Amino acid sequence: MDTQFAIWDWLVFALYGAVLLVSGWWFNRKKVETTGDYFLAGNNMPAILVAVSVVATSQSAATFIGGPDQGYRGDLSYLVTNIGAIIAALFVAVLLLPKFYQHKVTTVYELLERRFGGHAKRYAGIMYLFGRVFASGARLFMAAIAVAMILFDNIETQSVALAITVLVATALAYSVFGGIRTVIYSDALQCFVYVLAAVLVLWSLLDMIPANLSQIVSALSSPGPELASKLTLLNLDLDFSTSGVFTVWSALTGFVLLNIAAFGLDQDMTQRMLTCRNAQQAAKSLVTSVLLVIPVMALFICIGLLLWVFYQRPDLMLSQNVTLLAEAPSFAGEKITVFMHYVLNELPAGVKGVVTIGVIAAALSTLNSGLNSMASVLVEDIYRPWREKRGDKNDERHFVIVSRGAMSLVAVTLAIMAMLCFYWQRYTDMPLLAFALSVMVFSYSGLLGVYFSVLFTRRGNDKSVFFALITGFLLTLMMQPYIMTWLLPEAWRFNLGFTWQLCIGTAVSFFICISGKPAISHQASRHKKETRSS
């Protein structure tokens, strides 16, 4: 196994480091004086730049590594889930973004304060922070594993720890001073880098496969006896199991909910849109980002399709010395994706370096976003209300300093979570990594139920919000196979795809939230007090 960098790879790596240094200095030149600048960039970011930032935030290192695996093991049906993304984007653009701008919120959870009071805002913010620490920490772990494999030729503890430290330190240093403005510009740069890396991998595969394009297409459309075409786009099977999450029916239900939560209720994504001048520009950036994601995701899936030809069709590879992959590849005894196997064993000098910085770029774009968004919730939804309750003076310079400290705290927390994933993955059978990667879906169930009650009813109060958030999380958690194995006899266990779990969790959370007696909104209560005093 030849995984060592050649001189061209190191040159590419050094060039990328230089670009990070120069761009980091350039993007951080503007002085930040208020939290409005730090978390919302003064509501002055161009819609197209925000759209690219949203794409970069949604395409983590997990997508960079896992996207090709989807194409290798499956077909094109994943792309149909973008139907749900488009519907969700229109929903958020029409119903949520105007409300966020109307109330001039910094975090999306401030909307709950208008309806239910400060407790509800904090409950939702804490739910988001809990899920985001696990989800972002797991993605950081996956990126660090890939970087350690390529750079250090091993996945020993010290190598993974060093990769985690470098990724977190780079992300923090890059964006801690400039805030969200720097994050958005950085995202655009990182998006260009990892898309370029994917294009070069695709080109490398096409160059190494001796068959022509028509032969490749024919092989993918007829992969073998009793095997469905790998070019299948529309899957109309009514399958509620984990193997049926990429069907048309799932795209029109669970994926709509998933994307409403991601675009409108997850501060990590929604914060980007809130940096635009107004709701119309924010909506434009959201819809544009959804359309841009389609070709980017198609690129990664096509890499997986070509990897299938490369490793599973020796007849098309002719005299090329390629070993047929009869089982999942491994590295140092650990299972890895076929994409990582290809990167470690087959990529030519120079391209391997570009792929390495592509993984790093995908990780940095997600990390930058998570650091700033989690800091915004910590400061605006938890720290600022606590300080105001004490009657302390609202000094914006103080809050900017605290915001930078919050980003540093979040960075350390994510690094710890990533190392926890490493040890748990290596030394126990409990699927903590699976939990960490899916925990935002668990959080989304309760958040969706609560926000739907805000948008479509006048019922609920801070207590019913709390129970809705907790129930949504726990109910979705209980439907996981590893939890059912512990709690239920074998006859009672069932296999349900995460999109359908999200539908059930959202519905139950919604009914729990509206079961609470209607509470006078925080805004109405304040107006009532002012009327009495006058």
# chains A, B, ... in the order shown; residues from 1 in each chain; ligands from 1

$ closest_atom_pairs --of "range 34-122 of chain A" --to "range 365-388 of chain A" --cutoff "6 Å" --atoms "only C-alpha atoms" --output "tab-separated table"
residue	atom	partner	partner_atom	distance
A:Ala56	CA	A:Ser365	CA	5.8
A:Thr57	CA	A:Thr366	CA	4.8
A:Ser60	CA	A:Thr366	CA	5.6

$ write_last_selection --atoms "N, CA, C and O atoms" --output "compact mmCIF listing (two decimals), in the first residue's frame"
# COMPACT_ATOMS: atom_id res chain seq x y z
N ALA A 56 -21.37 24.93 0.99
CA ALA A 56 -20.17 24.46 1.66
C ALA A 56 -20.48 23.91 3.05
O ALA A 56 -19.90 22.91 3.49
N THR A 57 -21.39 24.57 3.77
CA THR A 57 -21.75 24.12 5.11
C THR A 57 -22.45 22.77 5.07
O THR A 57 -22.23 21.91 5.93
N SER A 60 -20.19 18.42 4.12
CA SER A 60 -19.10 18.22 5.06
C SER A 60 -18.12 17.18 4.54
O SER A 60 -18.30 16.61 3.46

$ select_by_dssp --residues "range 220-293 of chain A" --states "helix (DSSP H, G or I)" --output "VMD selection string"
chain A and resid 220 to 221 242 to 244 248 to 251 254 to 264 267 to 273 279 to 293

$ residues_around --residues "Leu231 in chain A" --least-positions-apart "6" --cutoff "7 Å" --atoms "only C-alpha atoms" --output "number ranges by chain"
A: 75-76, 220-221

$ write_last_selection --atoms "N, CA, C and O atoms" --output "short mmCIF file (atom, residue, chain, number, x, y, z; two decimals), in the first residue's frame"
data_model
loop_
_atom_site.label_atom_id
_atom_site.label_comp_id
_atom_site.auth_asym_id
_atom_site.auth_seq_id
_atom_site.Cartn_x
_atom_site.Cartn_y
_atom_site.Cartn_z
N ASP A 75 -27.25 3.76 -6.40
CA ASP A 75 -27.52 4.28 -7.73
C ASP A 75 -27.68 5.79 -7.64
O ASP A 75 -27.17 6.42 -6.71
N LEU A 76 -28.42 6.38 -8.58
CA LEU A 76 -28.58 7.83 -8.62
C LEU A 76 -29.80 8.32 -7.82
O LEU A 76 -30.09 9.51 -7.81
N LEU A 220 -23.06 0.31 -16.38
CA LEU A 220 -23.81 0.82 -15.23
C LEU A 220 -25.31 0.55 -15.37
O LEU A 220 -25.99 0.29 -14.37
N SER A 221 -25.82 0.60 -16.57
CA SER A 221 -27.25 0.34 -16.78
C SER A 221 -27.58 -1.14 -16.68
O SER A 221 -28.72 -1.50 -16.37
#

$ closest_residue --among "A:Met208, A:Phe422, A:Cys503, A:Phe116" --to "Arg459 in chain A" --atoms "only C-alpha atoms"
A:Phe116

$ residues_around --residues "Val441 in chain A" --least-positions-apart "6" --cutoff "9 Å" --atoms "only C-alpha atoms" --output "PDB file with N, CA and C atoms, in the first residue's frame"
ATOM      1  N   GLY A 131     -27.241  18.591  20.015  1.00  0.00           N
ATOM      2  CA  GLY A 131     -27.155  17.840  18.769  1.00  0.00           C
ATOM      3  C   GLY A 131     -25.962  18.243  17.937  1.00  0.00           C
ATOM      4  N   LEU A 258     -36.816  17.104   6.916  1.00  0.00           N
ATOM      5  CA  LEU A 258     -35.392  17.186   7.225  1.00  0.00           C
ATOM      6  C   LEU A 258     -34.801  18.509   6.736  1.00  0.00           C
ATOM      7  N   ALA A 261     -36.027  21.662   8.626  1.00  0.00           N
ATOM      8  CA  ALA A 261     -35.267  21.801   9.865  1.00  0.00           C
ATOM      9  C   ALA A 261     -33.854  22.308   9.594  1.00  0.00           C
ATOM     10  N   PHE A 473     -36.958  14.010  20.720  1.00  0.00           N
ATOM     11  CA  PHE A 473     -35.615  13.435  20.747  1.00  0.00           C
ATOM     12  C   PHE A 473     -35.650  11.975  21.194  1.00  0.00           C
ATOM     13  N   THR A 476     -37.440   9.414  18.723  1.00  0.00           N
ATOM     14  CA  THR A 476     -36.617   9.070  17.565  1.00  0.00           C
ATOM     15  C   THR A 476     -35.445   8.201  17.982  1.00  0.00           C
ATOM     16  N   PHE A 498     -34.844   6.517   8.590  1.00  0.00           N
ATOM     17  CA  PHE A 498     -34.798   7.731   9.424  1.00  0.00           C
ATOM     18  C   PHE A 498     -35.776   8.795   8.951  1.00  0.00           C
ATOM     19  N   THR A 499     -36.111   8.809   7.658  1.00  0.00           N
ATOM     20  CA  THR A 499     -37.063   9.812   7.173  1.00  0.00           C
ATOM     21  C   THR A 499     -38.449   9.573   7.758  1.00  0.00           C
ATOM     22  N   LEU A 502     -38.490  10.515  11.404  1.00  0.00           N
ATOM     23  CA  LEU A 502     -38.635  11.955  11.545  1.00  0.00           C
ATOM     24  C   LEU A 502     -40.094  12.379  11.418  1.00  0.00           C
TER      25      LEU A 502
END

$ residues_around --residues "Ser443 in chain A" --least-positions-apart "4" --cutoff "8 Å" --atoms "only C-alpha atoms" --output "list in words"
Met127, Tyr128, Gly131, Val439, Leu447, Leu469, Gly472 and Phe473 of chain A

$ write_last_selection --atoms "C-alpha atoms" --output "PDB file, in the first residue's frame"
ATOM      1  CA  MET A 127     -31.334  21.149  22.138  1.00  0.00           C
ATOM      2  CA  TYR A 128     -29.523  22.566  19.112  1.00  0.00           C
ATOM      3  CA  GLY A 131     -27.155  17.840  18.769  1.00  0.00           C
ATOM      4  CA  VAL A 439     -28.299  13.086  16.507  1.00  0.00           C
ATOM      5  CA  LEU A 447     -37.856  21.439  16.847  1.00  0.00           C
ATOM      6  CA  LEU A 469     -38.477  18.821  22.432  1.00  0.00           C
ATOM      7  CA  GLY A 472     -39.220  14.204  19.909  1.00  0.00           C
ATOM      8  CA  PHE A 473     -35.615  13.435  20.747  1.00  0.00           C
TER       9      PHE A 473
END

$ residues_around --residues "Val355 in chain A" --least-positions-apart "6" --cutoff "9 Å" --atoms "only C-alpha atoms" --output "PyMOL selection string"
chain A and resi 194+196-198+200-201+343

$ write_last_selection --atoms "C-alpha atoms" --output "compact mmCIF listing (two decimals), in the first residue's frame"
# COMPACT_ATOMS: atom_id res chain seq x y z
CA TYR A 194 -13.16 20.52 -2.60
CA LEU A 196 -11.88 21.05 -7.72
CA ALA A 197 -10.58 18.01 -5.84
CA ALA A 198 -13.67 16.00 -6.81
CA LEU A 200 -9.70 15.89 -10.50
CA VAL A 201 -10.67 12.52 -8.98
CA VAL A 343 -7.22 7.56 -2.76

$ atom_distance --atom1 "CA of Tyr451 in chain A" --atom2 "CA of Thr107 in chain A"
13.9 Å

$ closest_residue --among "A:Leu286, A:Leu189, A:Ala169, A:Ala120" --to "Lys463 in chain A" --atoms "only C-alpha atoms"
A:Ala120

$ closest_residue --among "A:Leu344, A:Leu202, A:Val105, A:Ala138" --to "Gln267 in chain A" --atoms "only C-alpha atoms"
A:Val105

$ atom_distance --atom1 "CA of Leu292 in chain A" --atom2 "CA of Leu448 in chain A"
25.1 Å

$ closest_atom_pairs --of "range 126-223 of chain A" --to "range 305-314 of chain A" --cutoff "12 Å" --atoms "only C-alpha atoms" --output "CSV"
residue,atom,partner,partner_atom,distance
A:Val201,CA,A:Leu306,CA,10.1
A:Leu202,CA,A:Leu306,CA,7.9
A:Trp203,CA,A:Leu306,CA,10.3
A:Ser204,CA,A:Leu306,CA,10.2
A:Leu205,CA,A:Leu306,CA,6.7
A:Leu206,CA,A:Leu306,CA,7.6
A:Asp207,CA,A:Leu306,CA,10.9
A:Met208,CA,A:Phe310,CA,8.3
A:Ile209,CA,A:Phe310,CA,6.6
A:Pro210,CA,A:Phe310,CA,9.7
A:Ala211,CA,A:Val309,CA,9.6
A:Asn212,CA,A:Val309,CA,11.7
A:Leu213,CA,A:Leu306,CA,10.6
A:Gln215,CA,A:Val309,CA,10.2
A:Ile216,CA,A:Val309,CA,7.3
A:Val217,CA,A:Leu305,CA,9.7
A:Ser218,CA,A:Val309,CA,10.7
A:Ala219,CA,A:Val309,CA,7.6
A:Leu220,CA,A:Leu305,CA,7.5
A:Ser221,CA,A:Leu305,CA,10.7
A:Ser222,CA,A:Arg313,CA,11.5
A:Pro223,CA,A:Arg313,CA,8.9

$ residues_around --residues "Ala6 in chain A" --least-positions-apart "2" --cutoff "10 Å" --atoms "only C-alpha atoms" --output "list of chain:residue names"
A:Thr3, A:Gln4, A:Trp8, A:Asp9, A:Trp10, A:Leu11, A:Pro348, A:Ala349, A:Gly350, A:Lys352, A:Gly353

$ closest_residue --among "A:Val108, A:Leu347, A:Ala135, A:Val193" --to "Asp266 in chain A" --atoms "only C-alpha atoms"
A:Val108

$ select_by_dssp --residues "range 116-358 of chain A" --states "strand (DSSP E or B)" --output "ChimeraX atom specification"
/A:330-331,334-335

$ atom_distance --atom1 "CA of Phe152 in chain A" --atom2 "CA of Phe5 in chain A"
9.2 Å
